[in-house]
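Step one of this worksheet: look at the structure below.
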Amino acid sequence: HTDTPGHRLKKKLRLDLAGVMFSRGLFSKAFNLAKRNPVPLAVGAGLATAAMAGNIAQASDDCVPPPAVNWSHKGVFSSFDAASMRRGYEVYRQVCSTCHAMHFMCYRNLVGFTHTKEHAEMLAGSIEVKDGPNDEGEMFDRPGKLFDRFPAPYPNEEAARAANGGAYPPDLSLVCKARPHGEDYIFALLTGYKDPPAGVTMRPGLHYNPYFSGGAISMEAPLKMYGQVEWQDGTPPTVTQMAKDVSTFLAWASEPETDERKKAGVKWITALFTAALIAGYWKRFKWMPIKTRKIEYRAY
């Protein structure tokens, strides 16, 4: 055999053709595998994409992602802790409500979840609400009622900014839905105030919190010491307990119908599973003998 240019060209063409055939064979095998198992491959591709997206998002964040907390209400068959929500409301009422409003919450929303009707009426009656006009066309103050909303600490956004150095305290009605990581973020933010690290200088009026975007937050630590809030059930009011309870309350306030949705989901899944069992039984033992029977016509 001579190593001529023509011979080398033929050898290269044979190798290229073999590579193409090998690639086509691999593609055909992969395509057949995907046809036979579409669901596992789709799930795996989705999980891989989500993992890559999560890593990219964490790498580009300007704050520390909050640690995951094992919340008792996160399970499929679990519900919100009513005692924790009641304590969380007290934390909001005694601490958070001095700066933050909850415009979408009424006192009637507490009935049957955190308080009895009588207790909710007492809480509503402790505030003064401007109402009117009366028969003389004048506005007047009256005690609050169940249908009244939680009182706002400031009459408008401009007054809120003026009282907080230009920063606007956000409304807390839907804060768990408006912030990534939900109640994990709120708990980490409330318990995450620290001294700034070496080399970091905070401007006047700002406080260091690694869980807040940028690390500098205008709000000073709202929960500072043991016993800052008084509870009637005797639970020790530690800083972490107060943060955990108010996070639970705000998570419930963002979606009060969560427990009802879970119950409805369990009912629907149970009904559909029962219907599937009945349909499977009917198909296997009632319809299949008819579907697979053989009918012959014989001439006599």
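As shown in the structure tokens, the chain order sets the letters A, B, ...; within each chain, residues go from 1, and ligands are also counted from 1 in the order they appear.
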
Can you build me a table of stretch 223-274 of chain A residues sitting at most 9 Å from stretch 166-185 of chain A, with the closest atom pair per residue and its distance in Å to one decimal, using only C-alpha atoms, sorted by chain and residue number, as a Markdown table?
| residue | atom | partner | partner_atom | distance |
| --- | --- | --- | --- | --- |
| A:Lys244 | CA | A:Glu183 | CA | 8.6 |
| A:Ser247 | CA | A:Glu183 | CA | 5.4 |
| A:Thr248 | CA | A:Glu183 | CA | 6.9 |
| A:Leu250 | CA | A:Cys176 | CA | 6.6 |
| A:Ala251 | CA | A:Cys176 | CA | 5.5 |
| A:Trp252 | CA | A:Cys176 | CA | 8.8 |
| A:Ala253 | CA | A:Ser173 | CA | 6.1 |
| A:Ser254 | CA | A:Leu174 | CA | 4.4 |
| A:Glu255 | CA | A:Leu174 | CA | 7.9 |

Would you mind exporting C-alpha atoms of the selected residues as a short mmCIF file (atom, residue, chain, number, x, y, z; two decimals), in the first residue's frame?
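Generated output (again_29.cif):
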data_model
loop_
_atom_site.label_atom_id
_atom_site.label_comp_id
_atom_site.auth_asym_id
_atom_site.auth_seq_id
_atom_site.Cartn_x
_atom_site.Cartn_y
_atom_site.Cartn_z
CA LYS A 244 -40.60 33.20 64.51
CA SER A 247 -43.08 35.57 60.63
CA THR A 248 -45.78 32.91 61.00
CA LEU A 250 -47.30 37.50 58.34
CA ALA A 251 -47.14 34.28 56.31
CA TRP A 252 -50.77 33.54 57.27
CA ALA A 253 -51.84 37.15 56.59
CA SER A 254 -50.38 36.94 53.08
CA GLU A 255 -52.59 33.95 52.27
#

Using only C-alpha atoms, which protein or nucleic acid residues come within 7 Å of A:Cys63? Drop anything in the same chain fewer than 3 positions from it, and give the result as a list of chain:residue names.
A:Pro210, A:Tyr211, A:Phe212, A:Ser213, A:Gly214, A:Gly215

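Within 8 Å of A:Ala120, once only C-alpha atoms are used and residues closer than 6 positions along the same chain are dropped, the contacting residues are Tyr107, Arg108, Leu110, Val111 and Leu146 of chain A.
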
Which residues, written as a list in words, have at least one atom at most 12 Å from A:Pro204, with only C-alpha atoms counted and residues fewer than 2 positions away on the same chain left out?
Gly165, Thr201, Met202, Leu206, His207, Tyr208, Ala216, Ile217, Ser218, Met219 and Glu220 of chain A

Please save C-alpha atoms of the selected residues as a tab-separated table (two decimals), in the first residue's frame.
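Wrote it out as result.tsv, contents follow:
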chain	number	residue	atom	x	y	z
A	165	GLY	CA	-35.43	59.69	57.18
A	201	THR	CA	-18.53	51.85	57.15
A	202	MET	CA	-22.25	52.48	57.51
A	206	LEU	CA	-28.25	52.87	58.25
A	207	HIS	CA	-27.74	49.51	59.95
A	208	TYR	CA	-25.85	46.45	58.77
A	216	ALA	CA	-27.58	48.47	54.61
A	217	ILE	CA	-31.10	48.92	55.98
A	218	SER	CA	-32.76	52.04	57.40
A	219	MET	CA	-34.83	50.12	59.95
A	220	GLU	CA	-33.01	49.49	63.18

Let's see if you can do this: from backbone DSSP, list all alpha helix (DSSP H) residues in stretch 232-283 of chain A, as a PyMOL selection string.
chain A and resi 239-254+258-281

Quick check, in Å to one decimal: how far apart do atom CA of A:Gly205 and atom CA of A:Pro222 lie?
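For atom CA of A:Gly205 relative to atom CA of A:Pro222, the distance reads 14.3 Å.
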
Would you please work out which residue, of A:Ala299, A:Val239, A:Val95, A:Leu189, is nearest to A:Pro65 when using only C-alpha atoms?
A:Leu189

As an exercise, work out the distance from atom CA of A:Arg87 to atom CA of A:Gln232 in Å and give it to one decimal place.
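So the answer is 8.7 Å.
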
What does the structure give for the distance between atom CA of A:Pro289 and atom CA of A:Phe273, in Å to one decimal?
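That distance, rounded to one decimal, is 23.9 Å.
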
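DSSP, applied to the backbone of this structure, assigns strand (DSSP E) to the following residues of stretch 196-261 of chain A: His207, Tyr208, Ala216 and Ile217 of chain A.
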
Export, as an mmCIF file, in the first residue's frame, the selected residues with N, CA, C and O atoms.
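Full text of out.cif as output:
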data_model
loop_
_atom_site.group_PDB
_atom_site.id
_atom_site.type_symbol
_atom_site.label_atom_id
_atom_site.label_comp_id
_atom_site.auth_asym_id
_atom_site.auth_seq_id
_atom_site.Cartn_x
_atom_site.Cartn_y
_atom_site.Cartn_z
ATOM 1 N N HIS A 207 -28.157 50.598 59.077
ATOM 2 C CA HIS A 207 -27.744 49.509 59.949
ATOM 3 C C HIS A 207 -27.351 48.319 59.082
ATOM 4 O O HIS A 207 -27.961 48.075 58.033
ATOM 5 N N TYR A 208 -26.369 47.568 59.564
ATOM 6 C CA TYR A 208 -25.854 46.450 58.767
ATOM 7 C C TYR A 208 -26.696 45.200 59.006
ATOM 8 O O TYR A 208 -26.928 44.793 60.141
ATOM 9 N N ALA A 216 -27.315 47.261 53.821
ATOM 10 C CA ALA A 216 -27.578 48.470 54.607
ATOM 11 C C ALA A 216 -29.079 48.719 54.630
ATOM 12 O O ALA A 216 -29.706 48.867 53.582
ATOM 13 N N ILE A 217 -29.661 48.756 55.828
ATOM 14 C CA ILE A 217 -31.101 48.918 55.980
ATOM 15 C C ILE A 217 -31.379 50.089 56.910
ATOM 16 O O ILE A 217 -30.664 50.305 57.899
#
